[in-house]
$ cat run-v7.cif   # mmCIF, C-alpha atoms
data_entry
#
loop_
_atom_site.label_atom_id
_atom_site.label_comp_id
_atom_site.auth_asym_id
_atom_site.auth_seq_id
_atom_site.Cartn_x
_atom_site.Cartn_y
_atom_site.Cartn_z
CA GLY A 1 71.47 73.58 78.88
CA ARG A 2 73.92 71.82 81.24
CA THR A 3 75.76 75.09 81.94
CA ASN A 4 72.62 77.14 82.65
CA GLU A 5 72.77 78.99 86.00
CA ASN A 6 70.14 80.82 88.00
CA SER A 7 70.99 84.18 89.54
CA ASP A 8 71.74 82.41 92.83
CA GLY A 9 74.37 80.23 91.15
CA THR A 10 72.35 77.01 91.08
CA TYR A 11 72.27 74.94 87.88
CA TYR A 12 69.00 74.16 86.14
CA GLY A 13 70.01 72.33 82.97
CA LYS A 14 71.61 69.16 84.34
CA ALA A 15 70.39 65.64 83.49
CA PRO A 16 67.66 64.70 82.85
CA ALA A 17 66.66 68.24 81.79
CA ALA A 18 67.72 67.82 78.14
CA ILE A 19 65.59 64.77 77.42
CA VAL A 20 62.67 66.06 79.52
CA ASP A 21 62.73 69.32 77.55
CA LEU A 22 62.65 67.42 74.25
CA LYS A 23 59.83 65.18 75.46
CA ALA A 24 57.84 68.27 76.43
CA ALA A 25 58.27 69.58 72.88
CA VAL A 26 57.07 66.27 71.42
CA SER A 27 54.09 66.25 73.79
CA TYR A 28 53.23 69.79 72.66
CA LEU A 29 53.13 68.62 69.03
CA HIS A 30 50.91 65.64 69.90
CA TYR A 31 48.61 67.78 72.03
CA ASN A 32 48.17 70.33 69.25
CA ASP A 33 48.11 67.81 66.41
CA ASP A 34 44.70 68.85 65.10
CA ALA A 35 45.72 72.50 64.92
CA MET A 36 48.83 71.93 62.78
CA PRO A 37 49.64 70.54 59.32
CA GLY A 38 50.97 67.00 59.10
CA THR A 39 50.55 64.38 61.79
CA ALA A 40 52.23 64.03 65.16
CA ASP A 41 52.20 60.28 64.61
CA LYS A 42 55.09 60.71 62.15
CA ILE A 43 57.58 62.76 64.19
CA ILE A 44 61.21 61.94 63.32
CA SER A 45 64.06 63.05 65.58
CA ASN A 46 67.57 63.75 64.32
CA GLY A 47 70.83 64.60 66.05
CA THR A 48 74.62 64.25 66.01
CA GLY A 49 76.93 63.32 68.88
CA ALA A 50 75.19 64.41 72.08
CA GLY A 51 72.23 65.23 69.84
CA GLY A 52 72.40 61.69 68.48
CA ALA A 53 72.21 60.48 72.06
CA MET A 54 69.12 62.63 72.66
CA SER A 55 67.55 61.34 69.44
CA SER A 56 68.17 57.76 70.56
CA LEU A 57 66.62 58.53 73.96
CA LEU A 58 63.51 59.99 72.32
CA GLY A 59 63.25 56.90 70.14
CA ALA A 60 63.68 54.38 72.97
CA THR A 61 61.75 55.91 75.87
CA GLY A 62 58.39 57.02 74.47
CA ASN A 63 55.79 57.49 77.23
CA ASN A 64 57.91 55.74 79.85
CA GLU A 65 56.74 56.46 83.41
CA ASP A 66 60.27 57.32 84.60
CA TYR A 67 60.01 60.72 82.93
CA LYS A 68 56.43 61.57 83.89
CA PRO A 69 57.15 63.29 87.26
CA TYR A 70 59.62 65.62 85.54
CA LEU A 71 57.19 66.40 82.72
CA GLN A 72 54.40 67.10 85.20
CA GLN A 73 56.68 69.38 87.23
CA LEU A 74 57.57 71.21 84.02
CA GLY A 75 53.93 71.66 83.11
CA ALA A 76 54.21 69.71 79.87
CA ALA A 77 51.12 69.03 77.79
CA SER A 78 49.28 65.86 78.77
CA ALA A 79 49.93 63.93 75.55
CA SER A 80 52.24 61.30 74.09
CA ASP A 81 55.98 61.97 74.03
CA ALA A 82 56.72 59.12 71.58
CA VAL A 83 58.36 59.64 68.18
CA TYR A 84 57.85 57.64 65.01
CA ALA A 85 61.51 57.29 64.04
CA ALA A 86 64.97 58.31 65.19
CA SER A 87 67.98 59.40 63.15
CA CYS A 88 71.26 59.27 65.08
CA TYR A 89 74.71 60.31 63.84
CA GLY A 90 77.67 59.24 65.99
CA PRO A 91 75.44 58.95 69.07
CA THR A 92 77.45 59.69 72.23
CA THR A 93 75.33 57.40 74.30
CA ASN A 94 75.41 54.41 76.67
CA LEU A 95 77.69 56.67 78.69
CA ASP A 96 77.94 54.51 81.79
CA ASN A 97 79.61 51.81 79.64
CA ALA A 98 81.28 53.97 77.00
CA ASP A 99 84.68 54.19 78.72
CA MET A 100 85.06 50.40 78.54
CA GLY A 101 84.17 50.33 74.85
CA TYR A 102 86.57 53.17 74.08
CA GLU A 103 89.49 51.36 75.72
CA TRP A 104 88.58 48.04 74.12
CA LEU A 105 89.13 49.88 70.86
CA PHE A 106 92.11 52.13 71.60
CA ASN A 107 94.05 50.32 74.34
CA GLY A 108 97.75 50.28 73.44
CA ILE A 109 97.58 53.59 71.57
CA ASN A 110 98.93 56.15 74.01
CA ASN A 111 99.51 59.21 71.83
CA TYR A 112 96.55 61.42 71.05
CA THR A 113 95.75 64.91 69.81
CA THR A 114 93.26 67.26 71.42
CA ASN A 115 92.75 70.94 70.56
CA ASN A 116 95.63 70.64 68.07
CA THR A 117 97.96 69.61 70.90
CA SER A 118 99.84 66.29 70.79
CA LEU A 119 99.79 64.49 74.13
CA THR A 120 100.73 61.12 75.61
CA GLN A 121 98.78 59.21 78.22
CA THR A 122 100.25 59.17 81.70
CA ALA A 123 101.16 55.94 83.47
CA ASP A 124 97.91 56.17 85.45
CA GLN A 125 95.88 56.69 82.28
CA MET A 126 97.51 53.64 80.69
CA LYS A 127 96.57 51.66 83.80
CA TYR A 128 92.97 52.86 83.57
CA SER A 129 92.94 51.87 79.90
CA ASP A 130 94.10 48.34 80.73
CA GLU A 131 91.49 47.95 83.46
CA LEU A 132 88.61 49.33 81.39
CA LYS A 133 89.48 47.16 78.38
CA ALA A 134 89.63 44.10 80.65
CA ALA A 135 86.12 44.86 81.96
CA PHE A 136 84.50 45.21 78.52
CA PRO A 137 84.13 41.49 77.61
CA ALA A 138 82.01 40.80 80.70
CA TYR A 139 79.73 43.70 79.75
CA ILE A 140 79.36 42.49 76.17
CA ASN A 141 78.77 38.88 77.18
CA GLY A 142 76.13 39.97 79.67
CA LEU A 143 74.10 41.66 76.92
CA ASN A 144 73.46 38.31 75.17
CA LEU A 145 73.76 39.90 71.73
CA LEU A 146 73.04 37.78 68.64
CA ASP A 147 73.91 38.17 64.98
CA GLN A 148 71.36 37.83 62.19
CA GLU A 149 71.70 34.04 62.22
CA GLY A 150 71.16 33.84 65.97
CA ASN A 151 74.80 33.21 66.88
CA PRO A 152 76.07 34.72 70.15
CA LEU A 153 78.23 37.83 69.84
CA THR A 154 80.77 37.41 72.61
CA LEU A 155 84.34 38.34 73.53
CA ASP A 156 87.02 36.32 75.28
CA ASP A 157 89.09 37.74 78.12
CA SER A 158 91.55 39.30 75.67
CA GLY A 159 88.78 41.17 73.83
CA ASN A 160 88.61 38.94 70.77
CA GLY A 161 85.74 36.87 69.46
CA PRO A 162 82.52 37.01 67.41
CA PHE A 163 81.57 40.51 68.59
CA LYS A 164 84.86 41.88 67.29
CA ASP A 165 84.33 40.09 63.96
CA TYR A 166 80.81 41.57 63.86
CA VAL A 167 82.21 45.07 64.30
CA LYS A 168 84.78 44.35 61.59
CA SER A 169 82.01 43.37 59.17
CA TYR A 170 80.57 46.90 59.25
CA ILE A 171 84.00 48.42 58.58
CA ILE A 172 84.48 46.03 55.66
CA LYS A 173 81.10 47.10 54.23
CA SER A 174 82.16 50.74 54.50
CA VAL A 175 85.36 50.20 52.52
CA GLN A 176 83.49 48.06 50.01
CA SER A 177 80.88 50.77 49.47
CA ALA A 178 83.68 53.26 48.78
CA ILE A 179 85.23 50.94 46.19
CA ASP A 180 81.87 50.29 44.55
CA SER A 181 81.24 54.03 44.21
CA GLY A 182 84.66 54.70 42.69
CA LYS A 183 86.31 56.33 45.71
CA ASP A 184 90.10 56.39 46.09
CA VAL A 185 91.00 53.86 48.79
CA SER A 186 94.75 53.79 48.11
CA ASP A 187 95.55 54.94 51.67
CA ILE A 188 93.59 52.08 53.23
CA THR A 189 96.59 49.81 53.74
CA TRP A 190 94.82 47.88 56.51
CA ALA A 191 92.23 46.36 54.17
CA THR A 192 92.79 43.24 52.07
CA ILE A 193 91.30 43.91 48.62
CA GLN A 194 91.21 41.30 45.87
CA ASP A 195 89.65 41.99 42.48
CA GLY A 196 87.72 44.91 43.87
CA ALA A 197 86.37 42.98 46.84
CA VAL A 198 87.31 43.59 50.48
CA THR A 199 88.01 40.18 51.99
CA ASP A 200 89.37 41.22 55.40
CA ILE A 201 90.80 44.06 57.47
CA ASP A 202 93.63 44.31 59.97
CA PHE A 203 91.63 45.57 62.96
CA ASN A 204 94.69 46.97 64.75
CA GLY A 205 95.71 48.67 61.52
CA TYR A 206 92.28 50.31 61.33
CA ILE A 207 92.49 51.51 64.95
CA ASN A 208 95.92 53.02 64.36
CA TYR A 209 94.54 54.66 61.20
CA ILE A 210 91.83 56.54 63.12
CA SER A 211 93.89 56.79 66.36
CA ARG A 212 92.90 57.87 69.84
CA ALA A 213 91.35 61.27 70.57
CA LYS A 214 90.93 61.10 74.34
CA ALA A 215 92.90 59.89 77.34
CA ALA A 216 91.44 57.20 79.59
CA PRO A 217 88.83 57.35 80.92
CA ALA A 218 87.45 59.09 77.85
CA PHE A 219 84.08 60.22 79.22
CA ASP A 220 84.03 60.02 83.02
CA LYS A 221 87.28 61.65 84.11
CA VAL A 222 88.71 60.60 87.46
CA ASP A 223 89.80 64.19 88.16
CA LEU A 224 86.86 66.60 88.15
CA SER A 225 88.91 69.57 89.31
CA ASN A 226 90.86 72.31 87.51
CA GLY A 227 88.91 72.07 84.27
CA ASN A 228 89.58 68.37 83.78
CA ALA A 229 85.91 67.34 83.69
CA THR A 230 84.22 66.40 80.41
CA ALA A 231 80.94 67.66 78.98
CA GLU A 232 79.49 64.35 80.18
CA ASN A 233 80.62 65.02 83.75
CA SER A 234 78.90 68.39 83.46
CA LEU A 235 75.75 66.76 82.08
CA PHE A 236 75.48 64.60 85.19
CA GLY A 237 76.02 67.47 87.62
CA SER A 238 73.33 68.50 90.08
CA GLU A 239 71.69 71.75 91.12
CA ASN A 240 74.64 72.60 93.33
CA THR A 241 77.47 70.59 91.76
CA ASP A 242 78.75 71.40 88.28
CA ASN A 243 80.44 68.06 87.53
CA GLN A 244 79.78 64.54 88.80
CA HIS A 245 80.85 61.01 88.03
CA PHE A 246 78.45 58.60 86.37
CA THR A 247 80.45 55.35 86.56
CA GLU A 248 81.51 53.35 89.58
CA PHE A 249 84.95 52.97 88.01
CA SER A 250 85.74 56.68 88.00
CA MET A 251 84.10 57.27 91.35
CA THR A 252 86.30 54.53 92.85
CA ASN A 253 89.39 56.03 91.20
CA ASP A 254 88.44 59.67 91.88
CA THR A 255 91.50 61.87 92.29
CA SER A 256 89.74 65.19 92.86
CA GLY A 257 89.11 64.37 96.51
CA THR A 258 85.64 65.88 96.33
CA GLY A 259 84.05 63.80 93.57
CA THR A 260 80.47 62.59 93.87
CA ILE A 261 78.41 60.30 91.66
CA ALA A 262 75.11 61.19 90.02
CA ASP A 263 71.84 59.68 91.19
CA SER A 264 71.47 56.15 89.83
CA GLN A 265 67.95 56.83 88.51
CA VAL A 266 69.19 59.85 86.55
CA ILE A 267 72.04 57.79 85.08
CA LYS A 268 69.48 55.16 84.05
CA MET A 269 67.23 57.77 82.42
CA MET A 270 70.05 59.07 80.21
CA ASN A 271 70.82 55.67 78.65
CA PRO A 272 68.46 54.37 75.93
CA MET A 273 69.82 50.84 76.42
CA ASN A 274 67.75 50.63 79.61
CA TYR A 275 64.48 51.15 77.72
CA ILE A 276 64.81 49.21 74.47
CA GLY A 277 62.14 46.52 74.27
CA VAL A 278 60.99 47.22 77.82
CA ASP A 279 57.31 47.09 78.78
CA GLY A 280 56.01 50.60 79.28
CA SER A 281 58.14 52.20 76.56
CA ASP A 282 56.61 53.03 73.17
CA MET A 283 59.78 52.56 71.13
CA ALA A 284 60.15 54.02 67.65
CA ASN A 285 59.82 51.36 64.96
CA TYR A 286 62.29 52.94 62.53
CA TRP A 287 65.91 53.94 63.13
CA ARG A 288 68.73 55.29 60.99
CA ILE A 289 72.13 55.19 62.70
CA ARG A 290 75.40 56.37 61.15
CA GLN A 291 78.94 56.16 62.52
CA GLY A 292 81.83 57.85 60.72
CA LEU A 293 84.63 55.52 59.63
CA LYS A 294 87.12 57.99 61.14
CA ASP A 295 85.09 58.78 64.27
CA ASN A 296 87.47 58.50 67.22
CA ASP A 297 85.30 60.54 69.56
CA VAL A 298 82.83 57.67 70.11
CA ALA A 299 83.91 54.03 69.88
CA ILE A 300 82.28 52.15 67.01
CA SER A 301 81.16 49.53 69.54
CA THR A 302 78.59 52.01 70.91
CA PRO A 303 76.36 52.28 67.81
CA VAL A 304 76.90 48.61 66.97
CA ILE A 305 75.57 47.59 70.39
CA LEU A 306 72.69 50.05 70.11
CA THR A 307 71.78 48.73 66.65
CA ASN A 308 71.90 45.11 67.73
CA GLU A 309 69.75 45.72 70.81
CA LEU A 310 67.17 47.56 68.70
CA GLN A 311 67.07 44.81 66.10
CA GLY A 312 66.65 42.23 68.85
CA ALA A 313 63.62 44.17 70.07
CA GLY A 314 62.07 44.11 66.59
CA ALA A 315 62.99 47.59 65.34
CA ASP A 316 63.77 48.30 61.69
CA VAL A 317 67.34 49.67 61.82
CA ASP A 318 69.33 51.12 58.92
CA PHE A 319 72.90 51.19 60.26
CA ALA A 320 76.09 51.88 58.35
CA VAL A 321 79.64 53.10 58.89
CA SER A 322 79.98 56.17 56.68
CA TRP A 323 83.02 56.37 54.45
CA ASN A 324 85.66 58.97 55.31
CA GLN A 325 83.50 60.70 57.93
CA GLY A 326 84.64 61.69 61.40
CA HIS A 327 82.47 62.64 64.37
CA SER A 328 79.87 64.54 62.38
CA GLY A 329 76.39 64.29 60.92
CA ASP A 330 73.89 65.43 58.30
CA TYR A 331 76.51 64.79 55.59
CA ASP A 332 74.17 62.61 53.50
CA LEU A 333 70.93 64.59 53.51
CA ASP A 334 69.65 63.21 50.19
CA GLU A 335 69.91 59.68 51.59
CA LEU A 336 68.42 60.77 54.93
CA PHE A 337 65.44 62.39 53.22
CA GLN A 338 64.94 59.32 51.03
CA TRP A 339 64.89 57.11 54.14
CA MET A 340 62.31 59.46 55.68
CA ASN A 341 60.16 59.24 52.55
CA ASP A 342 60.42 55.45 52.51
CA ILE A 343 59.31 54.93 56.12
CA VAL A 344 56.34 57.30 55.96
#
$ encode --input "run-v7.cif" --output "structure tokens"
Amino acid sequence: GRTNENSDGTYYGKAPAAIVDLKAAVSYLHYNDDAMPGTADKIISNGTGAGGAMSSLLGATGNNEDYKPYLQQLGAASASDAVYAASCYGPTTNLDNADMGYEWLFNGINNYTTNNTSLTQTADQMKYSDELKAAFPAYINGLNLLDQEGNPLTLDDSGNGPFKDYVKSYIIKSVQSAIDSGKDVSDITWATIQDGAVTDIDFNGYINYISRAKAAPAFDKVDLSNGNATAENSLFGSENTDNQHFTEFSMTNDTSGTGTIADSQVIKMMNPMNYIGVDGSDMANYWRIRQGLKDNDVAISTPVILTNELQGAGADVDFAVSWNQGHSGDYDLDELFQWMNDIV
């Protein structure tokens, strides 16, 4: 609804409208639970891309007070807005940190294709890429992520370290699953395969294999004029402003001359990372997160971070990198339905 306009030209679908609308729907189901088949205690959300982001928000923010004033203004039913489980394909989420993760992955690759047009990053875009990549390790290290054995997942100043190895491990599992199921992996020249077992991957080789899809910054464009804004800039617009920044980086580097930044509380409310394991949020216990091996629309670091944060908060998370998939979802419905059966 981010492009919805009233007759007077004002916008009424900007953030946080999307998540508030979904919460109102969930509250309606809880409120009318006795009048309908099934049980509202077993609601499962599902979405891809931006929908995956909304699904993750539903899963992380159940009954949090931040959303209550909006729900009351909307006239939502006075009932729980929590869901039982969340299914998220390629979630385009953690947006206020996504530009850093994207450049950590794709820095150094300057050619990209959008709308079937081959383009090259400008000198300014290459500079933004360098700066955003350089900022990513501090963000990762500040999260205090841990692997399953309790070892810190960190990055050094050059962007290497245990977190990178952790990301690699999911890619290795994806290639291994393809081999185990008899898939043709002859074009995967960046993987080291010995006797049918994947022992390592060339990370740079993998990144060049999937390649860049967006110029830096990928999500919060510095130029909001002349059609240069992204869907995310539009999401964070206001009643009277179609597009706004949502990162300090792009606001500082704004080239439109008229750029503004969204309200900090609204930015917070659109990021599930701010609500995972937080008192006052009834978080979903079960999660299924999938990232396509060839997804270059969202950096693989985004779902890996989301998964790790959820696991650290005690959630049961089924995460995998799906073989040969791009930025898409619902491609494994039999497996999705089986997961649903298993958790209920």
$ residues_around --input "run-v7.cif" --residues "Lys23 (chain A)" --least-positions-apart "5" --cutoff "10 Å" --atoms "only C-alpha atoms" --output "number ranges by chain"
A: 17-18, 28-29, 57-58, 61-63, 67-68, 71, 76-77, 79-83
$ closest_residue --input "run-v7.cif" --among "A:Gly280, A:Gly237, A:Gly292, A:Gly150" --to "Gly312 (chain A)" --atoms "all atoms listed in the file"
A:Gly150
$ residues_around --input "run-v7.cif" --residues "region 250-264 of chain A" --least-positions-apart "2" --cutoff "6 Å" --atoms "only C-alpha atoms" --output "list in words"
Val222, Asp223, Leu224, Ser225, Phe236, Gln244, His245, Phe246, Thr247, Glu248, Val266 and Ile267 of chain A
$ resolve_selection --input "run-v7.cif" --expression "the PyMOL selection byres ((chain A and resi 49-51) around 9)" --output "JSON, numbers by chain"
{"A": [46, 47, 48, 52, 53, 54, 55, 56, 88, 89, 90, 91, 92, 93, 297, 298, 327, 328, 329]}
$ resolve_selection --input "run-v7.cif" --expression "the PyMOL selection byres ((chain A and resi 167) around 12)" --output "JSON, numbers by chain"
{"A": [101, 105, 147, 153, 154, 155, 160, 161, 162, 163, 164, 165, 166, 168, 169, 170, 171, 172, 173, 174, 201, 203, 206, 291, 293, 299, 300, 301, 302, 303, 304, 305, 307, 308, 319, 320, 321]}
$ write_last_selection --input "run-v7.cif" --atoms "C-alpha atoms" --output "tab-separated table (two decimals), keeping the file's coordinate frame"
chain	number	residue	atom	x	y	z
A	101	GLY	CA	84.17	50.33	74.85
A	105	LEU	CA	89.13	49.88	70.86
A	147	ASP	CA	73.91	38.17	64.98
A	153	LEU	CA	78.23	37.83	69.84
A	154	THR	CA	80.77	37.41	72.61
A	155	LEU	CA	84.34	38.34	73.53
A	160	ASN	CA	88.61	38.94	70.77
A	161	GLY	CA	85.74	36.87	69.46
A	162	PRO	CA	82.52	37.01	67.41
A	163	PHE	CA	81.57	40.51	68.59
A	164	LYS	CA	84.86	41.88	67.29
A	165	ASP	CA	84.33	40.09	63.96
A	166	TYR	CA	80.81	41.57	63.86
A	168	LYS	CA	84.78	44.35	61.59
A	169	SER	CA	82.01	43.37	59.17
A	170	TYR	CA	80.57	46.90	59.25
A	171	ILE	CA	84.00	48.42	58.58
A	172	ILE	CA	84.48	46.03	55.66
A	173	LYS	CA	81.10	47.10	54.23
A	174	SER	CA	82.16	50.74	54.50
A	201	ILE	CA	90.80	44.06	57.47
A	203	PHE	CA	91.63	45.57	62.96
A	206	TYR	CA	92.28	50.31	61.33
A	291	GLN	CA	78.94	56.16	62.52
A	293	LEU	CA	84.63	55.52	59.63
A	299	ALA	CA	83.91	54.03	69.88
A	300	ILE	CA	82.28	52.15	67.01
A	301	SER	CA	81.16	49.53	69.54
A	302	THR	CA	78.59	52.01	70.91
A	303	PRO	CA	76.36	52.28	67.81
A	304	VAL	CA	76.90	48.61	66.97
A	305	ILE	CA	75.57	47.59	70.39
A	307	THR	CA	71.78	48.73	66.65
A	308	ASN	CA	71.90	45.11	67.73
A	319	PHE	CA	72.90	51.19	60.26
A	320	ALA	CA	76.09	51.88	58.35
A	321	VAL	CA	79.64	53.10	58.89
$ decode --input "run-v7.cif" --residues "region 291-305 of chain A" --atoms "N, CA, C and O atoms" --output "short mmCIF file (atom, residue, chain, number, x, y, z; two decimals), in the first residue's frame"
data_model
loop_
_atom_site.label_atom_id
_atom_site.label_comp_id
_atom_site.auth_asym_id
_atom_site.auth_seq_id
_atom_site.Cartn_x
_atom_site.Cartn_y
_atom_site.Cartn_z
N GLN A 291 16.85 -18.82 1.71
CA GLN A 291 17.54 -17.85 0.87
C GLN A 291 18.00 -18.57 -0.38
O GLN A 291 18.63 -19.63 -0.31
N GLY A 292 17.69 -18.05 -1.57
CA GLY A 292 18.12 -18.67 -2.80
C GLY A 292 19.62 -18.58 -2.98
O GLY A 292 20.23 -17.55 -2.70
N LEU A 293 20.24 -19.65 -3.45
CA LEU A 293 21.68 -19.66 -3.69
C LEU A 293 22.09 -18.55 -4.65
O LEU A 293 23.16 -17.96 -4.52
N LYS A 294 21.21 -18.24 -5.61
CA LYS A 294 21.51 -17.22 -6.62
C LYS A 294 20.85 -15.88 -6.33
O LYS A 294 20.79 -15.01 -7.19
N ASP A 295 20.33 -15.70 -5.11
CA ASP A 295 19.67 -14.45 -4.76
C ASP A 295 20.70 -13.34 -4.63
O ASP A 295 21.53 -13.34 -3.72
N ASN A 296 20.65 -12.37 -5.56
CA ASN A 296 21.53 -11.22 -5.49
C ASN A 296 20.75 -9.94 -5.24
O ASN A 296 21.26 -8.83 -5.40
N ASP A 297 19.48 -10.10 -4.88
CA ASP A 297 18.63 -8.96 -4.53
C ASP A 297 18.79 -8.62 -3.05
O ASP A 297 18.75 -7.45 -2.67
N VAL A 298 18.96 -9.65 -2.22
CA VAL A 298 19.19 -9.51 -0.79
C VAL A 298 20.47 -10.24 -0.44
O VAL A 298 20.63 -11.41 -0.82
N ALA A 299 21.38 -9.61 0.25
CA ALA A 299 22.63 -10.26 0.64
C ALA A 299 22.36 -11.44 1.56
O ALA A 299 21.51 -11.35 2.45
N ILE A 300 23.08 -12.53 1.38
CA ILE A 300 22.89 -13.72 2.20
C ILE A 300 23.16 -13.44 3.68
O ILE A 300 22.63 -14.12 4.56
N SER A 301 23.94 -12.41 3.97
CA SER A 301 24.20 -12.05 5.37
C SER A 301 22.91 -11.70 6.11
O SER A 301 22.80 -11.94 7.32
N THR A 302 21.93 -11.14 5.41
CA THR A 302 20.68 -10.71 6.06
C THR A 302 19.93 -11.87 6.71
O THR A 302 19.65 -11.82 7.91
N PRO A 303 19.60 -12.96 5.99
CA PRO A 303 18.92 -14.07 6.66
C PRO A 303 19.81 -14.84 7.62
O PRO A 303 19.30 -15.41 8.59
N VAL A 304 21.11 -14.84 7.38
CA VAL A 304 22.02 -15.52 8.32
C VAL A 304 22.01 -14.81 9.67
O VAL A 304 21.91 -15.44 10.73
N ILE A 305 22.06 -13.49 9.64
CA ILE A 305 22.01 -12.71 10.88
C ILE A 305 20.67 -12.91 11.58
O ILE A 305 20.61 -13.13 12.79
#
